[in-house]
Structures are given as C-alpha cells and as structure tokens.
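One file, entry-v9.txt, carrying compact mmCIF, C-alpha atoms:
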```
# COMPACT_ATOMS: atom_id res chain seq x y z
CA MET A 24 -57.60 77.21 94.45
CA GLN A 25 -57.76 74.00 96.49
CA ARG A 26 -54.64 72.51 98.03
CA GLN A 27 -54.36 69.51 100.33
CA SER A 28 -53.40 70.36 103.90
CA PRO A 29 -50.07 68.79 104.94
CA GLY A 30 -51.61 67.60 108.21
CA PRO A 31 -50.51 68.07 111.83
CA HIS A 32 -47.44 70.17 112.62
CA PRO A 33 -45.30 68.55 115.32
CA MET A 34 -43.69 71.11 117.62
CA PRO A 35 -39.88 71.00 117.86
CA SER A 36 -38.41 70.00 121.20
CA SER A 37 -35.71 72.68 121.08
CA ILE A 38 -36.03 76.24 119.74
CA PRO A 39 -32.86 78.31 119.19
CA ARG A 40 -32.30 81.43 121.29
CA TYR A 41 -30.59 84.46 119.79
CA ARG A 42 -28.21 86.94 121.39
CA ALA A 43 -29.14 90.61 121.51
CA PHE A 44 -26.56 93.20 120.42
CA PRO A 45 -25.13 95.94 122.68
CA ALA A 46 -27.33 99.03 122.59
CA LEU A 47 -26.01 101.97 120.58
CA ARG A 48 -25.83 105.58 121.76
CA PRO A 49 -26.03 108.74 119.64
CA GLY A 50 -22.58 109.58 118.33
CA ASP A 51 -21.39 105.98 118.14
CA PRO A 52 -19.32 105.00 115.07
CA VAL A 53 -21.16 102.93 112.43
CA THR A 54 -20.08 101.45 109.10
CA ILE A 55 -21.82 101.49 105.70
CA VAL A 56 -21.27 98.54 103.34
CA ALA A 57 -22.47 97.67 99.83
CA PRO A 58 -22.45 93.85 99.59
CA ALA A 59 -24.94 93.56 96.73
CA SER A 60 -25.98 95.90 93.88
CA PRO A 61 -24.68 99.36 92.94
CA PHE A 62 -26.90 102.28 93.86
CA ASP A 63 -28.03 105.78 93.05
CA ARG A 64 -25.63 108.33 94.57
CA ALA A 65 -28.34 110.87 95.44
CA SER A 66 -30.46 108.43 97.45
CA PHE A 67 -27.30 107.15 99.14
CA GLU A 68 -26.31 110.67 100.19
CA ALA A 69 -29.84 111.37 101.45
CA GLY A 70 -29.79 108.23 103.62
CA LEU A 71 -26.26 109.02 104.74
CA ASP A 72 -27.48 112.39 105.99
CA ILE A 73 -30.22 110.77 108.11
CA VAL A 74 -27.88 108.27 109.73
CA GLY A 75 -25.08 110.82 110.01
CA ARG A 76 -27.22 113.13 112.11
CA ARG A 77 -27.44 110.33 114.70
CA TYR A 78 -24.14 108.46 114.47
CA GLU A 79 -20.55 108.89 113.30
CA VAL A 80 -20.60 107.32 109.84
CA HIS A 81 -17.65 105.58 108.18
CA TYR A 82 -17.39 103.89 104.80
CA ASP A 83 -14.79 102.92 102.24
CA PRO A 84 -15.12 104.98 99.03
CA GLY A 85 -14.77 101.67 97.17
CA LEU A 86 -18.43 100.96 97.91
CA LEU A 87 -19.25 103.35 95.04
CA ALA A 88 -17.71 100.88 92.57
CA ARG A 89 -19.77 99.24 89.82
CA GLN A 90 -19.16 95.95 88.07
CA ARG A 91 -22.11 95.00 85.88
CA TYR A 92 -25.00 94.53 88.35
CA LEU A 93 -22.76 94.47 91.43
CA ALA A 94 -21.22 97.12 93.69
CA GLY A 95 -17.73 96.10 92.61
CA SER A 96 -16.03 92.72 92.50
CA ASP A 97 -16.82 89.86 94.84
CA ALA A 98 -13.37 90.33 96.41
CA ARG A 99 -14.02 94.03 97.09
CA ARG A 100 -17.46 93.45 98.58
CA LEU A 101 -16.38 90.44 100.64
CA GLY A 102 -13.35 92.22 102.08
CA GLU A 103 -15.45 95.25 102.99
CA LEU A 104 -18.12 93.10 104.62
CA TRP A 105 -15.62 90.93 106.48
CA ARG A 106 -13.91 94.00 107.98
CA ALA A 107 -17.24 95.53 108.96
CA LEU A 108 -18.60 92.38 110.61
CA ALA A 109 -15.45 91.24 112.37
CA GLY A 110 -14.01 94.63 113.31
CA THR A 111 -14.61 96.21 116.69
CA GLU A 112 -14.16 99.84 115.63
CA SER A 113 -17.80 100.40 114.67
CA ARG A 114 -20.95 99.61 116.63
CA ALA A 115 -23.33 98.79 113.74
CA VAL A 116 -23.37 97.90 110.05
CA PHE A 117 -25.81 99.57 107.65
CA CYS A 118 -26.25 98.12 104.16
CA ALA A 119 -26.41 100.63 101.32
CA ARG A 120 -28.71 98.63 99.04
CA GLY A 121 -30.09 95.18 98.34
CA GLY A 122 -30.67 94.16 94.72
CA TYR A 123 -28.47 91.13 94.06
CA GLY A 124 -25.04 89.91 95.05
CA MET A 125 -25.07 88.97 98.74
CA MET A 126 -25.46 85.26 98.01
CA ARG A 127 -22.22 85.31 96.00
CA LEU A 128 -20.36 86.12 99.23
CA LEU A 129 -21.80 83.43 101.53
CA THR A 130 -19.06 80.84 101.18
CA GLY A 131 -16.47 83.55 101.89
CA LEU A 132 -18.19 84.32 105.19
CA GLU A 133 -17.91 80.79 106.56
CA GLY A 134 -16.11 80.89 109.89
CA ILE A 135 -16.18 84.67 110.22
CA PRO A 136 -16.02 85.82 113.87
CA VAL A 137 -18.89 88.33 113.84
CA ALA A 138 -18.48 91.01 116.51
CA ALA A 139 -21.53 91.80 118.64
CA LYS A 140 -23.23 94.53 116.63
CA PRO A 141 -26.49 95.04 114.69
CA VAL A 142 -26.64 94.62 110.93
CA ILE A 143 -29.43 96.52 109.16
CA GLY A 144 -30.88 95.75 105.72
CA PHE A 145 -33.53 93.79 103.83
CA SER A 146 -34.38 92.28 100.44
CA ASP A 147 -31.15 90.68 99.13
CA ILE A 148 -29.62 91.24 102.58
CA THR A 149 -31.90 88.39 103.74
CA ALA A 150 -29.00 86.07 102.88
CA LEU A 151 -26.75 87.91 105.33
CA HIS A 152 -29.40 87.83 108.05
CA HIS A 153 -29.50 84.05 107.77
CA VAL A 154 -25.72 83.87 108.23
CA LEU A 155 -26.12 85.91 111.41
CA GLN A 156 -29.03 83.85 112.73
CA ARG A 157 -26.98 80.70 112.11
CA GLN A 158 -24.46 82.23 114.53
CA GLY A 159 -27.21 82.85 117.08
CA LEU A 160 -27.30 86.63 116.60
CA VAL A 161 -30.17 89.12 116.41
CA SER A 162 -30.15 91.41 113.36
CA LEU A 163 -32.51 94.05 111.95
CA HIS A 164 -34.72 93.53 108.91
CA GLY A 165 -35.06 97.18 108.03
CA PRO A 166 -34.49 99.89 105.45
CA VAL A 167 -31.26 100.03 103.49
CA LEU A 168 -29.53 103.40 103.31
CA THR A 169 -30.87 104.25 99.84
CA GLN A 170 -34.46 103.67 101.00
CA LEU A 171 -34.30 105.69 104.22
CA SER A 172 -35.08 109.10 102.72
CA ARG A 173 -38.24 107.72 101.06
CA LEU A 174 -39.62 106.61 104.43
CA GLY A 175 -41.28 108.85 106.96
CA PRO A 176 -40.01 109.89 110.39
CA PRO A 177 -41.89 107.02 112.14
CA ALA A 178 -39.69 104.44 110.39
CA HIS A 179 -36.54 106.40 111.27
CA ALA A 180 -37.63 106.71 114.92
CA ARG A 181 -38.43 102.99 115.13
CA LEU A 182 -35.03 102.09 113.67
CA PHE A 183 -33.15 104.23 116.18
CA GLU A 184 -35.32 102.85 119.00
CA LEU A 185 -34.45 99.29 118.00
CA LEU A 186 -30.76 100.15 117.95
CA GLU A 187 -30.69 102.04 121.26
CA SER A 188 -33.50 100.88 123.55
CA GLU A 189 -33.27 97.91 125.89
CA ALA A 190 -37.06 97.56 125.91
CA PRO A 191 -39.07 95.58 123.31
CA VAL A 192 -40.12 97.68 120.34
CA ALA A 193 -43.80 98.56 119.81
CA GLN A 194 -46.11 96.01 118.20
CA LEU A 195 -47.01 96.09 114.51
CA ASP A 196 -50.51 95.69 113.11
CA GLY A 197 -51.50 93.76 110.01
CA ALA A 198 -54.45 94.22 107.67
CA GLU A 199 -56.08 90.81 107.16
CA THR A 200 -56.33 87.43 108.88
CA TYR A 201 -55.59 84.54 106.52
CA VAL A 202 -55.61 81.80 109.17
CA GLY A 203 -56.67 82.48 112.75
CA GLY A 204 -54.70 81.49 115.81
CA VAL A 205 -51.74 82.48 117.96
CA ALA A 206 -48.09 81.51 117.50
CA GLU A 207 -44.93 82.33 119.45
CA GLY A 208 -41.30 81.89 118.50
CA PRO A 209 -38.26 83.72 117.16
CA LEU A 210 -38.98 85.89 114.11
CA ILE A 211 -37.00 84.49 111.17
CA GLY A 212 -37.21 85.01 107.40
CA GLY A 213 -37.13 88.00 105.06
CA ASN A 214 -37.47 88.18 101.30
CA LEU A 215 -39.35 85.19 99.88
CA SER A 216 -37.27 84.97 96.69
CA VAL A 217 -33.97 84.95 98.57
CA LEU A 218 -35.24 82.59 101.25
CA THR A 219 -36.20 79.95 98.70
CA ARG A 220 -32.68 80.15 97.20
CA LEU A 221 -31.20 79.29 100.60
CA VAL A 222 -33.25 76.11 100.99
CA GLY A 223 -30.99 73.13 100.42
CA THR A 224 -27.83 75.11 101.21
CA PRO A 225 -25.89 75.18 104.50
CA PHE A 226 -26.76 78.88 104.93
CA LEU A 227 -30.46 78.68 105.84
CA ALA A 228 -31.11 79.76 109.43
CA PRO A 229 -32.77 77.29 111.84
CA LEU A 230 -36.53 77.42 111.28
CA ASP A 231 -37.74 75.03 113.98
CA GLY A 232 -40.35 76.76 116.12
CA ALA A 233 -39.96 80.08 114.30
CA VAL A 234 -42.54 82.63 113.25
CA LEU A 235 -41.76 83.11 109.56
CA VAL A 236 -41.84 86.63 108.08
CA LEU A 237 -42.05 86.97 104.30
CA GLU A 238 -42.17 89.88 101.82
CA ASP A 239 -41.33 90.43 98.14
CA ILE A 240 -41.45 92.74 95.15
CA GLY A 241 -42.13 92.31 91.45
CA GLU A 242 -43.08 88.61 91.56
CA ARG A 243 -46.25 87.66 89.69
CA PRO A 244 -48.82 85.51 91.50
CA TYR A 245 -47.75 82.26 89.82
CA GLN A 246 -44.15 82.99 90.84
CA LEU A 247 -45.23 83.52 94.44
CA ASP A 248 -47.09 80.20 94.23
CA ARG A 249 -44.01 78.45 92.85
CA MET A 250 -41.71 79.79 95.58
CA TRP A 251 -44.23 79.07 98.34
CA THR A 252 -44.71 75.53 97.01
CA HIS A 253 -40.93 75.09 97.07
CA LEU A 254 -40.98 75.92 100.79
CA GLU A 255 -43.88 73.54 101.30
CA LEU A 256 -42.12 70.68 99.51
CA ALA A 257 -38.96 71.35 101.52
CA GLY A 258 -40.94 70.90 104.75
CA VAL A 259 -40.61 74.52 105.92
CA PHE A 260 -44.25 74.83 106.97
CA ARG A 261 -43.93 71.71 109.14
CA ARG A 262 -41.13 73.41 111.09
CA VAL A 263 -42.45 76.92 111.71
CA ARG A 264 -45.31 77.91 114.02
CA GLY A 265 -46.83 80.91 112.26
CA ILE A 266 -46.54 83.19 109.23
CA VAL A 267 -46.29 86.99 109.09
CA LEU A 268 -46.81 88.40 105.60
CA GLY A 269 -45.40 91.83 104.89
CA GLU A 270 -45.90 93.81 101.71
CA PHE A 271 -45.89 92.16 98.29
CA THR A 272 -45.25 95.19 96.13
CA GLY A 273 -45.86 95.15 92.37
CA CYS A 274 -46.91 91.51 92.43
CA GLU A 275 -50.12 91.72 90.38
CA GLU A 276 -50.92 90.00 87.08
CA LYS A 277 -52.16 92.47 84.49
CA ASN A 278 -55.85 92.01 83.58
CA ALA A 279 -56.20 89.01 85.89
CA ASP A 280 -59.43 88.31 87.78
CA TYR A 281 -57.41 87.40 90.89
CA SER A 282 -54.82 89.19 92.99
CA SER A 283 -51.56 88.18 94.62
CA ALA A 284 -53.42 88.40 97.94
CA ASP A 285 -55.97 85.84 96.70
CA VAL A 286 -53.15 83.44 95.87
CA LEU A 287 -51.28 83.99 99.14
CA ARG A 288 -54.48 83.61 101.15
CA ASP A 289 -55.16 80.18 99.65
CA LEU A 290 -51.55 79.09 100.08
CA ALA A 291 -51.54 80.18 103.72
CA ALA A 292 -54.84 78.45 104.41
CA ALA A 293 -53.41 75.16 103.17
CA THR A 294 -50.64 75.26 105.78
CA GLY A 295 -53.09 75.48 108.68
CA LEU A 296 -50.67 77.82 110.46
CA PRO A 297 -51.74 81.11 112.09
CA CYS A 298 -51.17 83.74 109.41
CA ALA A 299 -51.88 87.45 109.12
CA ALA A 300 -51.03 89.67 106.16
CA GLY A 301 -50.50 93.32 105.35
CA PHE A 302 -47.83 94.18 107.91
CA PRO A 303 -45.80 97.29 106.94
CA ILE A 304 -42.63 95.30 106.27
CA GLY A 305 -40.84 95.21 102.92
CA HIS A 306 -40.55 97.22 99.72
CA GLY A 307 -43.57 99.46 100.27
CA ALA A 308 -43.88 103.02 101.50
CA GLN A 309 -43.30 102.23 105.19
CA ASN A 310 -40.92 99.26 105.75
CA GLN A 311 -41.02 99.36 109.52
CA PRO A 312 -37.85 97.69 110.84
CA VAL A 313 -38.22 94.49 112.85
CA PRO A 314 -35.65 92.47 114.80
CA LEU A 315 -34.91 88.97 113.51
CA GLY A 316 -34.19 86.33 116.14
CA VAL A 317 -36.26 88.10 118.79
CA ARG A 318 -39.17 86.13 120.24
CA VAL A 319 -42.56 87.38 119.05
CA ARG A 320 -46.23 86.56 119.50
CA LEU A 321 -48.40 86.57 116.39
CA ASP A 322 -52.11 86.92 117.15
CA ALA A 323 -53.50 86.44 113.66
CA ASP A 324 -57.11 87.06 114.72
CA ALA A 325 -56.21 90.41 116.31
CA LEU A 326 -53.81 91.26 113.44
CA ARG A 327 -51.07 91.92 115.98
CA LEU A 328 -47.35 91.12 116.04
CA THR A 329 -45.95 91.66 119.55
CA PHE A 330 -42.23 91.69 120.29
CA LEU A 331 -41.51 89.84 123.53
CA GLU A 332 -37.80 90.67 123.79
CA SER A 333 -35.59 93.62 122.98
CA ALA A 334 -33.08 93.54 120.14
CA ALA A 335 -30.51 95.49 122.17
CA ALA A 336 -29.10 94.67 125.58
```

Could the structure of this file be written out as structure tokens, please?
Amino acid sequence: MQRQSPGPHPMPSSIPRYRAFPALRPGDPVTIVAPASPFDRASFEAGLDIVGRRYEVHYDPGLLARQRYLAGSDARRLGELWRALAGTESRAVFCARGGYGMMRLLTGLEGIPVAAKPVIGFSDITALHHVLQRQGLVSLHGPVLTQLSRLGPPAHARLFELLESEAPVAQLDGAETYVGGVAEGPLIGGNLSVLTRLVGTPFLAPLDGAVLVLEDIGERPYQLDRMWTHLELAGVFRRVRGIVLGEFTGCEEKNADYSSADVLRDLAAATGLPCAAGFPIGHGAQNQPVPLGVRVRLDADALRLTFLESAAA
C-alpha cells in the first residue's frame, strides 16, 4: 500500500503539562463506577476481590442496573460518575467495564469540578480520559474491574505501583519498529475507535506535542485504515510527535493475504513519525496500565517506552 507522506511536522510552541494525582496508600477508600455497558457479575466480583484486598471499596448497587446495552439510564450513570469524580470521600475511581455509553455522558460532565484523584479504565473509558486531560489531569489507561482477574499478577502490581509510588513506573517494551526515531511528549490517546469519534467535538484532549497511544479490538483492517485516515485528514499526525501502538486484538480479515499489522505498518510509515508496535496495552492478555498525561520518551528503534514522570505525587 502506497500513501503520500503529509510532509514536515512543525513542532508546537507550547505543550500542555498535566497534574499528577495524590498517591494512594493501602486501605484508602476507592469508588467503583459503571459509566458504560452492563457487565458479567462473576468477573465483576473477581475484580472487586483483587481491589478490595488493597483498598476499601465503595459502590452504589445501582451500577448493576441494565438498560439495553447500558449499565442503567444516562441519568443514573451520570449521577454516579459525577459524585465519584467531584466527591472527596474516595481517593480513586475504578471503572467496572468499557463497552459503550461513556460518550453519551460527555455533555453532562461539562464544568464538573474533578477532585484530585486517579481514574482507571480503558476502551470506551477513553472518552472519560480525554475529559480529564482537557482539565490538565493525569489518569490511568488500565484494566477495568471486570478484566482484572484475567490478567496476571504483574499487571496488578504495576497498577498498584502507579497508584501509590511517587517514582516513574518501569518502561514498557514493544515488539516491532514501524518507523525509527525518538519522540518525547505527554502520552495521550487510548482506543482508536473512540478517539476518532471525539475528533471534531469539544471533548478531544490537546494533542499538540503528544506521543499518541492507540489500541483496539474487533476492527477489520479496512476499518483500521478508515479510522486512521480520519485522524490523518483531521491533521492529528501533524500535531503529535510519535505513535505507540498497543494490541489490536481480533482485527484480522479471514482468509486475507495481509494482516492488520501490515496495514498499520504502512499507515504509520506514511506519517513519518517515530512509531513502534506491539506494546502490551489494550484488550489482550496483559494490558499493562500506563499513565496518560505523563511525559514519556518513545525510542522506536529500541522498542522502548520510558516514563519520565510519575503519575502520583
């Protein structure tokens, strides 16, 4: 696949800085919310057990509600999320599941005074992360509660380290260099599908000077191409400095003589930006949590993502 390079990438004169959250301690109170899809009770209870062994967990029983493909009505989910974000009783907010529904709440969150605390989630929770980054806050792209029990102890340990340590978290290693080079900037992004839906809305986080992290699940190669091209046409790749590709799970075309990696490699090459792929971030078997808004260094040749700041202070 041949695509025309967009040309030089002017560097922004001002790059946003994001505020770390207060470090947690074992035994601190935390809140569970369900702002998107309903979930399996067994996987929820298993994740609850993992978090509950570390912190004092609180949640409203209403989060078990179901309304079609949502965890209850928009009013229920928005009220729960508003109380969790603005309240000072808990020290962190864990999301129960992604799926779909967070974007329906974005207009209701305009003007919310978010208390200084970490928010943890990924996939559809990407929309919430962008709200937080627009307020200049660090948040954690990491496992939702219903995914926690399917991940190994290393992911749990890394999550608790991010929440509690005032030192930068350990680097992550990728699997393949798509475009060589080094880039530094705040790590911004999340799920590719959700990110593209935020383009053109007032809820997209600032991207100038960022290192963009992307992951997805269940999108066929042509769909990945379409979403990536949307970002290209919107000028996203002229604003960011580098690209970190996580896992693209279940994104293959049956009986095709090409893979999703082939397509992403060509798309990345056309941007000319440093890009490495295969980081354990996303819907796969590892989903190592990473802090969004923290400054990072991507060395695409060395397949290394280094975190230059801590998420907690």

Go through range 169-288 of chain A and flag each residue having an atom no more than 8 Å from range 115-133 of chain A; for those, report the closest pair of atoms plus their distance in Å to one decimal, using all atoms listed in the file, ordered by chain and rising number, as a Markdown table.
```
| residue | atom | partner | partner_atom | distance |
| --- | --- | --- | --- | --- |
| A:Thr169 | CA | A:Ala119 | CA | 5.9 |
| A:Gln170 | CA | A:Arg120 | CA | 7.9 |
| A:Phe226 | CA | A:Leu129 | CA | 7.5 |
```

Report, as lines of an AutoDock Vina configuration file, the axis-aligned box around all atoms of range 115-128 of chain A present in the file, extended by 4 Å on each side; give centre and edge lengths in Å to one decimal place.
```
center_x = -25.5
center_y = 92.9
center_z = 103.9
size_x = 18.3
size_y = 23.4
size_z = 27.7
```

Around (-33.7, 92.4, 103.9), as given in the file, which residues come within 12 Å? Count all atoms listed in the file and list them as an MDAnalysis selection string. chainID A and resid 59 117:123 125 142:153 162:168 170 211:218 236:240 269 304:306 310:315

Separation of CA of Pro303 in chain A and CA of Arg327 in chain A, in Å? 11.8 Å

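We find CA of Ala138 in chain A and CA of Ala69 in chain A to be spaced 27.8 Å apart.
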
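Straight-line separation from CA of Leu221 in chain A to CA of Pro136 in chain A: 21.2 Å.
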
Given only C-alpha atoms as the counted atoms, nearest of A:Phe330, A:Tyr201, A:Phe302, A:Phe271 to Leu290 in chain A: A:Tyr201

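If you measure from each of A:Glu207, A:Asp196, A:Asp231, A:Asp51 to Ala325 in chain A using only C-alpha atoms, the closest one turns out to be A:Asp196.
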
Residues at most 10 Å from Gln90 in chain A, counting all atoms listed in the file, excluding those fewer than 6 positions away in the same chain, as a list in words? Ser60, Pro61, Ser96 and Asp97 of chain A

Which neighbours of range 261-268 of chain A fall inside 10 Å, counting all atoms listed in the file, when residues of the same chain fewer than 6 positions from it are skipped, and could you give them as number ranges by chain? A: 29-35, 197-199, 201-213, 215, 229-239, 254-255, 287, 291, 294-305, 320-323, 326-328

Export range 60-71 of chain A of the preceding structure, keeping N, CA and C atoms, as a PDB file, in the first residue's frame.
```pdb
ATOM      1  N   SER A  60     -21.191   0.086  29.598  1.00  0.00           N
ATOM      2  CA  SER A  60     -22.019  -1.097  29.381  1.00  0.00           C
ATOM      3  C   SER A  60     -22.253  -1.891  30.662  1.00  0.00           C
ATOM      4  N   PRO A  61     -23.326  -2.720  30.685  1.00  0.00           N
ATOM      5  CA  PRO A  61     -23.503  -3.655  31.797  1.00  0.00           C
ATOM      6  C   PRO A  61     -22.436  -4.739  31.726  1.00  0.00           C
ATOM      7  N   PHE A  62     -22.333  -5.547  32.768  1.00  0.00           N
ATOM      8  CA  PHE A  62     -21.210  -6.470  32.858  1.00  0.00           C
ATOM      9  C   PHE A  62     -21.610  -7.773  33.528  1.00  0.00           C
ATOM     10  N   ASP A  63     -20.740  -8.737  33.367  1.00  0.00           N
ATOM     11  CA  ASP A  63     -20.901 -10.044  33.987  1.00  0.00           C
ATOM     12  C   ASP A  63     -20.627  -9.940  35.485  1.00  0.00           C
ATOM     13  N   ARG A  64     -21.555 -10.442  36.300  1.00  0.00           N
ATOM     14  CA  ARG A  64     -21.431 -10.295  37.753  1.00  0.00           C
ATOM     15  C   ARG A  64     -20.219 -11.061  38.300  1.00  0.00           C
ATOM     16  N   ALA A  65     -19.945 -12.245  37.761  1.00  0.00           N
ATOM     17  CA  ALA A  65     -18.843 -13.054  38.281  1.00  0.00           C
ATOM     18  C   ALA A  65     -17.499 -12.369  38.065  1.00  0.00           C
ATOM     19  N   SER A  66     -17.266 -11.826  36.870  1.00  0.00           N
ATOM     20  CA  SER A  66     -15.987 -11.155  36.615  1.00  0.00           C
ATOM     21  C   SER A  66     -15.885  -9.867  37.416  1.00  0.00           C
ATOM     22  N   PHE A  67     -17.018  -9.215  37.655  1.00  0.00           N
ATOM     23  CA  PHE A  67     -17.034  -8.024  38.500  1.00  0.00           C
ATOM     24  C   PHE A  67     -16.622  -8.377  39.925  1.00  0.00           C
ATOM     25  N   GLU A  68     -17.201  -9.443  40.465  1.00  0.00           N
ATOM     26  CA  GLU A  68     -16.877  -9.853  41.830  1.00  0.00           C
ATOM     27  C   GLU A  68     -15.413 -10.274  41.944  1.00  0.00           C
ATOM     28  N   ALA A  69     -14.888 -10.932  40.903  1.00  0.00           N
ATOM     29  CA  ALA A  69     -13.482 -11.350  40.937  1.00  0.00           C
ATOM     30  C   ALA A  69     -12.555 -10.141  40.955  1.00  0.00           C
ATOM     31  N   GLY A  70     -12.855  -9.127  40.138  1.00  0.00           N
ATOM     32  CA  GLY A  70     -12.058  -7.903  40.149  1.00  0.00           C
ATOM     33  C   GLY A  70     -12.211  -7.133  41.446  1.00  0.00           C
ATOM     34  N   LEU A  71     -13.433  -7.144  41.973  1.00  0.00           N
ATOM     35  CA  LEU A  71     -13.703  -6.474  43.245  1.00  0.00           C
ATOM     36  C   LEU A  71     -12.849  -7.070  44.367  1.00  0.00           C
TER      37      LEU A  71
END
```
